[in-house]
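Q: Got a structure for you, questions after.
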Amino acid sequence: MNNKIKFVQGNEACVEGALYAGVDFFAGYPITPSTEIAELLSKELPKRKGKFIQMEDEIASMAAIIGASLTGNKVMTATSGPGFSLKQEALGYACMAEIPCVIVNVQRGGPSTGNPTHVSQGDVNQARWGTHGDHSIIALTASNHQDVFEMTVEAFNLAETYRTPVILLFDEVIGHMREKIQIPEEGELPVVQRLRTFVQKGVDYHPYLPREDGRLPMSDFGSEHRYNVTGLFHDMWGFPSNNPKVVRELLHHLVDKIENNVDQITRHKEYWLDDAEYILVSYGSSARSAIHLAKNRRERGNKIGVLELQTIWPFPKELIREKCAGARAVIVVEMNMGQVLQQVKCAVDDPASVFLANRIDGELITPTNIKTLLRVIQGKGV
Amino acid sequence: MANKKYNVKNYLRERFFPHIWCPGCGHGIVLGSLLRAVEELELDPTNTVMTSGIGCSARISGYVNFHSLHTIHGRALAFATGVKLAKPKLNLIVPMGDGDALAIGGNHFIHAARRNIDITAIVMNNKIYGMTGGQFSPLTGYGQKATTAPYSTIDNEFDVVKLSKAAGASFVARSTTFHATESIDFIKRAISHKGFSVVEIFSQCPTHYGRKNKKGDAANMMENYKNSTVPIGSKKLEKDPSLIERGVFVDNDQAPEYCDEYEKIIQVASKGRA
């Protein structure tokens, strides 16, 4: 399947990316609009001696991938809206116990059952704060299928590197639209393998003692080192502790390992930013309309650029501040009521120059929708 | 068997003792039976994973020197399913409380049984939520007192044996902390059994259930286990149908095990690969 060109749904591109990254185990539960991911992996994984299991619910799916990850497997689950809500407690467990795993959320309209077959980007803040307690999280997104493939590989890489759950925040348009992708050759994209401990049998292994570079080598369940994994605050052996120093240091570690590496984690794309007076900040399927409009306006001599975010969390605050510094106005284009807008307002020097071009009715935001707002900002009337 | 000498300390993380359980709690007796079963089976700790949820019972996983996975409330069997399917050579033992197993975890319990995945669930039934201070559970039954049933419960209880059997568990047994040597035998058979196995063990909670319901101290409660239970099919049942049966209710070694079945899927799928 090397270097093959395929015409696929975004959900299929995600599966191709997961297979490229070496996914071993998938547990899931059917839910629109993410179901194709489970369907395709149920077919592909056994061919590679991988494991697929359809669990009794979303909670169990999240739990099962964490269990499988501890045996040394690369693991993934996929869901949408209500299912993402159900996964939150176990997702927090994976944060606390530092278990590498990838969670795909193909976003649909919410809250509740909402608008199952229609597009939305309403889960941005839930991806950040859906589970209880202080923590940090990585969430990635993509606006086209080649990027869906690459960001899926990246999600597995970051999960292994930082020993953390990584959320792939796609949306219904990306999930179901068909587009061309080219599967890269083996080795063309980096694939991070799990870092395992070199500590020998009989020597004290500390599963939760970070190395100097912050990484924590793992030991698979079933190999020599027997240790404890818990959702309680724990010491370097993984045993529960409520010692204030242990609690404070662990919480700092969980947050710092991600927040201190924003530069390494952040992926973004820029279009015509150098001299841009107006900057559209967008991501996912909304970014397609933003790019289309900017291209169109550029041809008419308007100085418009697009900053496309591929990493949503940790939020690339410095990048936004730097890129938007010279702009007359910044327009955040998204399909929710301003979830990334708030982050951008916090990041820029002049929050009053940041506007929201959104659409929340289940339809994809169009270039015309954005243009209408742009003309008002430019003083050209509607 | 009564005179057999065991070295259960080999399987314990002694630095965490004394344990957190209240004086008189039955859970230590269950742990004792479990470790004796493990020792008799000569299980390799390196190939043994104990997964647990939340509650008094769940703390067992921290005390044993296996791979231990202390998870979230009710979901231990779902985590265990992931571990087992990913690495079928591992022995999975899941100690569970009654609330953990059958209230918040009820769905996972019946589905693990339905799949007949090779996991051993030990339901430590003390009829109460102990760790949170004595609220009624789905095994408390009608007409009992609890901190959330100050006037008496109106909820009926599950019968763990019947539920497990109906859900598809291929080994189902019941015993009590009074019958500790019998428990060793049942746990041994459950762990050796290939498929989903359930051992329900009545375990006294004198602190919460016992005190609220005037059941006496731990010794009284254990004596009650002796007097209120009989081996399966005992003639005493004819005179007193309220007696509870102990024993092995299901032992079906013909039922296909989930990981074995998945292996067959791998064989079929790999053949079809170009």
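Going by the structure tokens order, chains are called A, B, ..., each with residues numbered from 1, while ligands are numbered from 1 in the order shown.
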Tell me which protein, DNA and RNA residues are within 7 Å of segment 17-33 of chain B, counting only C-alpha atoms, leaving out same-chain ones fewer than 2 positions away, and put them as a list of chain:residue names.
A: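 Result of the neighbour search: B:Glu14, B:Arg15, B:Leu35, B:Arg36, B:Ala37, B:Ser57, B:Thr177, B:Ala180, B:Thr181, B:Ser183, B:Ile184, B:Ser203, B:Gln204, B:Cys205, B:Pro206, B:Ala218.
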Q: What lies within 10 Å of Ile320 of chain A using only C-alpha atoms, ignoring chain neighbours under 4 positions off, as a ChimeraX atom specification?
A: /A:281,307,309,315-316,324-325,343-349
Q: One number please: atom CA of Ile201 of chain B to atom CA of Met55 of chain A, in Å, one decimal.
A: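 These atoms are spaced 27.5 Å apart.
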Q: Within 8 Å of chain A, which residues of chain B are there when counting only C-alpha atoms? Please give them as number ranges by chain.
A: B: 46-49, 62, 65-72, 75, 78-87, 90, 107-108, 111, 265-266, 269-273
Q: Next, the residues of the selection above should be written as a PDB file, in the first residue's frame with C-alpha atoms.
A:
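See result.pdb below for the written result:
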```
ATOM      1  CA  THR B  46       4.945 -11.655  36.057  1.00  0.00           C
ATOM      2  CA  ASN B  47       2.061 -13.028  34.016  1.00  0.00           C
ATOM      3  CA  THR B  48      -0.620 -11.934  36.430  1.00  0.00           C
ATOM      4  CA  VAL B  49      -2.485  -8.647  36.344  1.00  0.00           C
ATOM      5  CA  GLY B  62      -2.253  -2.259  45.746  1.00  0.00           C
ATOM      6  CA  ASN B  65       2.826  -8.016  44.062  1.00  0.00           C
ATOM      7  CA  PHE B  66       1.377  -8.530  40.595  1.00  0.00           C
ATOM      8  CA  HIS B  67       1.038  -6.003  37.813  1.00  0.00           C
ATOM      9  CA  SER B  68      -1.649  -3.885  39.422  1.00  0.00           C
ATOM     10  CA  LEU B  69      -4.118  -1.566  37.736  1.00  0.00           C
ATOM     11  CA  HIS B  70      -6.271   0.420  40.136  1.00  0.00           C
ATOM     12  CA  THR B  71      -8.790   2.100  37.866  1.00  0.00           C
ATOM     13  CA  ILE B  72     -12.003   4.127  38.146  1.00  0.00           C
ATOM     14  CA  ARG B  75     -14.937   0.044  35.011  1.00  0.00           C
ATOM     15  CA  ALA B  78     -13.546  -2.907  30.854  1.00  0.00           C
ATOM     16  CA  PHE B  79      -9.889  -2.074  31.584  1.00  0.00           C
ATOM     17  CA  ALA B  80      -9.222  -5.776  32.193  1.00  0.00           C
ATOM     18  CA  THR B  81     -10.845  -6.634  28.855  1.00  0.00           C
ATOM     19  CA  GLY B  82      -8.363  -4.336  27.112  1.00  0.00           C
ATOM     20  CA  VAL B  83      -5.391  -5.878  28.919  1.00  0.00           C
ATOM     21  CA  LYS B  84      -6.549  -9.440  28.269  1.00  0.00           C
ATOM     22  CA  LEU B  85      -7.405  -9.040  24.587  1.00  0.00           C
ATOM     23  CA  ALA B  86      -4.138  -7.182  23.944  1.00  0.00           C
ATOM     24  CA  LYS B  87      -2.057  -9.857  25.702  1.00  0.00           C
ATOM     25  CA  LEU B  90      -1.799 -12.787  31.057  1.00  0.00           C
ATOM     26  CA  ASN B 107     -23.179  -3.132  32.351  1.00  0.00           C
ATOM     27  CA  HIS B 108     -19.515  -4.071  32.078  1.00  0.00           C
ATOM     28  CA  HIS B 111     -20.971  -7.839  28.918  1.00  0.00           C
ATOM     29  CA  ILE B 265     -10.655 -14.070  13.209  1.00  0.00           C
ATOM     30  CA  ILE B 266      -6.981 -13.153  12.819  1.00  0.00           C
ATOM     31  CA  ALA B 269      -8.371 -12.134   8.026  1.00  0.00           C
ATOM     32  CA  SER B 270      -4.650 -12.766   7.440  1.00  0.00           C
ATOM     33  CA  LYS B 271      -5.419 -15.398   4.804  1.00  0.00           C
ATOM     34  CA  GLY B 272      -7.420 -12.905   2.847  1.00  0.00           C
ATOM     35  CA  ARG B 273      -4.501 -10.490   2.781  1.00  0.00           C
TER      36      ARG B 273
END
```
Q: For Thr32 of chain A, list every protein, DNA or RNA residue within 8 Å, evaluated using only C-alpha atoms, and leave out those in the same chain fewer than 6 positions away; present the list as an MDAnalysis selection string.
A: chainID A and resid 79:80 116:117
Q: Now that the selection is made, can you save its residues with N, CA and C atoms as a tab-separated table (two decimals), in the first residue's frame?
A:
```tsv
chain	number	residue	atom	x	y	z
A	79	THR	N	-14.97	8.51	18.43
A	79	THR	CA	-16.32	8.78	18.87
A	79	THR	C	-16.78	10.14	18.34
A	80	SER	N	-17.95	10.56	18.80
A	80	SER	CA	-18.50	11.87	18.46
A	80	SER	C	-19.33	12.34	19.65
A	116	PRO	N	-26.82	15.13	14.94
A	116	PRO	CA	-25.85	14.04	14.75
A	116	PRO	C	-25.21	13.97	13.37
A	117	THR	N	-25.95	14.36	12.33
A	117	THR	CA	-25.40	14.19	10.99
A	117	THR	C	-24.87	15.49	10.40
```
Q: Please identify all polymer residues within 6 Å of His145 of chain A, counting only C-alpha atoms, omitting same-chain residues fewer than 2 positions from it, and present them as a list in words.
A: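 Here the answer would be Gly10, Ala13, Asp147 and Val148 of chain A.
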Q: For the structure I just gave you, how does DSSP split segment 247-353 of chain A - specifically, which residues are strand (DSSP E)? Reply as a list in words.
A: His268, Lys269, Glu270, Tyr271, Tyr278, Ile279, Leu280, Val281, Ser282, Ile304, Gly305, Val306, Leu307, Glu308, Leu309, Thr311, Ile312, Trp313, Ala329, Val330, Ile331, Val332, Val333 and Glu334 of chain A
Q: Please extract the residues of segment 18-258 of chain B with a backbone DSSP assignment of helix (DSSP H, G or I) and present them as an MDAnalysis selection string.
A: chainID B and resid 27:41 45:47 57:63 76:86 98:102 106:115 160:167 177:192 206:212 218:228 236:239 258
Q: Could you save the residues just selected, with C-alpha atoms, as a CSV table (one decimal), in the first residue's frame?
A:
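Once written, part-v2.csv looks like this:
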```
chain,number,residue,atom,x,y,z
B,27,HIS,CA,-11.9,-8.4,52.8
B,28,GLY,CA,-8.7,-9.6,54.4
B,29,ILE,CA,-10.0,-13.1,54.6
B,30,VAL,CA,-10.9,-13.0,50.9
B,31,LEU,CA,-7.4,-11.7,50.1
B,32,GLY,CA,-6.0,-14.6,52.2
B,33,SER,CA,-8.1,-17.1,50.2
B,34,LEU,CA,-7.1,-15.5,46.9
B,35,LEU,CA,-3.4,-15.6,47.7
B,36,ARG,CA,-3.6,-19.2,48.9
B,37,ALA,CA,-5.3,-20.1,45.6
B,38,VAL,CA,-2.6,-18.2,43.6
B,39,GLU,CA,0.1,-20.1,45.6
B,40,GLU,CA,-1.5,-23.5,45.1
B,41,LEU,CA,-1.7,-22.8,41.3
B,45,PRO,CA,3.3,-13.0,39.2
B,46,THR,CA,4.9,-11.7,36.1
B,47,ASN,CA,2.1,-13.0,34.0
B,57,SER,CA,-12.4,-4.2,47.8
B,58,ALA,CA,-10.5,-2.4,45.1
B,59,ARG,CA,-7.6,-1.6,47.4
B,60,ILE,CA,-6.6,-5.3,47.2
B,61,SER,CA,-4.7,-4.5,43.9
B,62,GLY,CA,-2.3,-2.3,45.7
B,63,TYR,CA,-1.3,-5.0,48.3
B,76,ALA,CA,-12.3,-2.5,36.1
B,77,LEU,CA,-13.7,-5.2,33.9
B,78,ALA,CA,-13.5,-2.9,30.9
B,79,PHE,CA,-9.9,-2.1,31.6
B,80,ALA,CA,-9.2,-5.8,32.2
B,81,THR,CA,-10.8,-6.6,28.9
B,82,GLY,CA,-8.4,-4.3,27.1
B,83,VAL,CA,-5.4,-5.9,28.9
B,84,LYS,CA,-6.5,-9.4,28.3
B,85,LEU,CA,-7.4,-9.0,24.6
B,86,ALA,CA,-4.1,-7.2,23.9
B,98,ASP,CA,-20.9,-5.1,45.2
B,99,GLY,CA,-21.5,-1.5,44.1
B,100,ASP,CA,-18.5,-1.4,41.9
B,101,ALA,CA,-19.4,-4.7,40.2
B,102,LEU,CA,-23.2,-4.4,39.9
B,106,GLY,CA,-23.3,-3.6,36.1
B,107,ASN,CA,-23.2,-3.1,32.4
B,108,HIS,CA,-19.5,-4.1,32.1
B,109,PHE,CA,-20.1,-7.1,34.3
B,110,ILE,CA,-22.9,-8.6,32.1
B,111,HIS,CA,-21.0,-7.8,28.9
B,112,ALA,CA,-17.7,-9.4,30.1
B,113,ALA,CA,-19.8,-12.5,31.0
B,114,ARG,CA,-21.5,-12.4,27.6
B,115,ARG,CA,-18.2,-12.3,25.8
B,160,VAL,CA,-25.2,-12.5,41.6
B,161,VAL,CA,-25.2,-16.2,40.7
B,162,LYS,CA,-28.3,-16.1,38.6
B,163,LEU,CA,-27.3,-12.9,36.9
B,164,SER,CA,-23.8,-14.2,36.0
B,165,LYS,CA,-25.3,-17.4,34.7
B,166,ALA,CA,-27.9,-15.7,32.6
B,167,ALA,CA,-25.3,-13.2,31.2
B,177,THR,CA,-15.6,-15.6,54.5
B,178,PHE,CA,-16.6,-18.2,57.1
B,179,HIS,CA,-15.8,-20.9,54.4
B,180,ALA,CA,-12.3,-19.7,53.7
B,181,THR,CA,-10.9,-23.0,52.6
B,182,GLU,CA,-13.9,-23.6,50.3
B,183,SER,CA,-13.2,-20.1,48.9
B,184,ILE,CA,-9.6,-21.1,48.1
B,185,ASP,CA,-10.9,-24.0,46.1
B,186,PHE,CA,-13.5,-22.0,44.2
B,187,ILE,CA,-11.0,-19.2,43.4
B,188,LYS,CA,-8.5,-21.8,42.2
B,189,ARG,CA,-11.0,-23.4,40.0
B,190,ALA,CA,-12.1,-19.9,38.7
B,191,ILE,CA,-8.6,-18.8,37.9
B,192,SER,CA,-7.8,-22.2,36.2
B,206,PRO,CA,-19.4,-4.9,60.7
B,207,THR,CA,-18.6,-1.2,60.6
B,208,HIS,CA,-21.4,-0.1,58.4
B,209,TYR,CA,-23.8,-2.8,57.3
B,210,GLY,CA,-23.5,-4.8,60.5
B,211,ARG,CA,-23.9,-1.8,62.8
B,212,LYS,CA,-26.8,-0.2,61.0
B,218,ALA,CA,-17.7,-9.6,62.8
B,219,ALA,CA,-17.8,-13.0,64.5
B,220,ASN,CA,-21.6,-12.9,64.8
B,221,MET,CA,-21.8,-12.0,61.1
B,222,MET,CA,-19.5,-14.8,60.1
B,223,GLU,CA,-21.5,-17.2,62.2
B,224,ASN,CA,-24.5,-16.1,60.4
B,225,TYR,CA,-22.9,-17.0,57.1
B,226,LYS,CA,-22.4,-20.5,58.6
B,227,ASN,CA,-26.0,-20.8,59.7
B,228,SER,CA,-27.7,-19.1,56.7
B,236,LYS,CA,-32.0,-28.5,54.6
B,237,LEU,CA,-33.4,-26.4,51.8
B,238,GLU,CA,-36.6,-28.3,51.8
B,239,LYS,CA,-37.3,-27.3,55.4
B,258,TYR,CA,-13.3,-14.6,23.5
```
Q: So which one's closest to Gln126 of chain A, A:Arg163, A:Lys87, A:His252, A:Lys6? Using only C-alpha atoms, please.
A: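 Of the candidates, the smallest distance to Gln126 of chain A is held by A:Lys87.
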Q: What lies within 6 Å of segment 181-196 of chain A using only C-alpha atoms, ignoring chain neighbours under 5 positions off, as an MDAnalysis selection string?
A: chainID A and resid 2:6 21 146 157 160 217:219
Q: Residues as selected, C-alpha atoms, written as a compact mmCIF listing (two decimals), in the first residue's frame, can you do that?
A:
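This went into part.txt:
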```
# COMPACT_ATOMS: atom_id res chain seq x y z
CA ASN A 2 3.03 2.24 -0.27
CA ASN A 3 2.77 5.52 -2.09
CA LYS A 4 -0.76 4.70 -3.07
CA ILE A 5 -3.11 7.43 -4.10
CA LYS A 6 -6.55 6.95 -2.64
CA ALA A 21 1.61 4.95 12.86
CA GLN A 146 -3.69 14.56 3.66
CA ASN A 157 3.81 10.25 18.09
CA GLU A 160 4.09 8.17 22.98
CA PRO A 217 10.26 5.08 29.98
CA MET A 218 7.52 2.47 30.31
CA SER A 219 7.47 -1.22 31.13
```
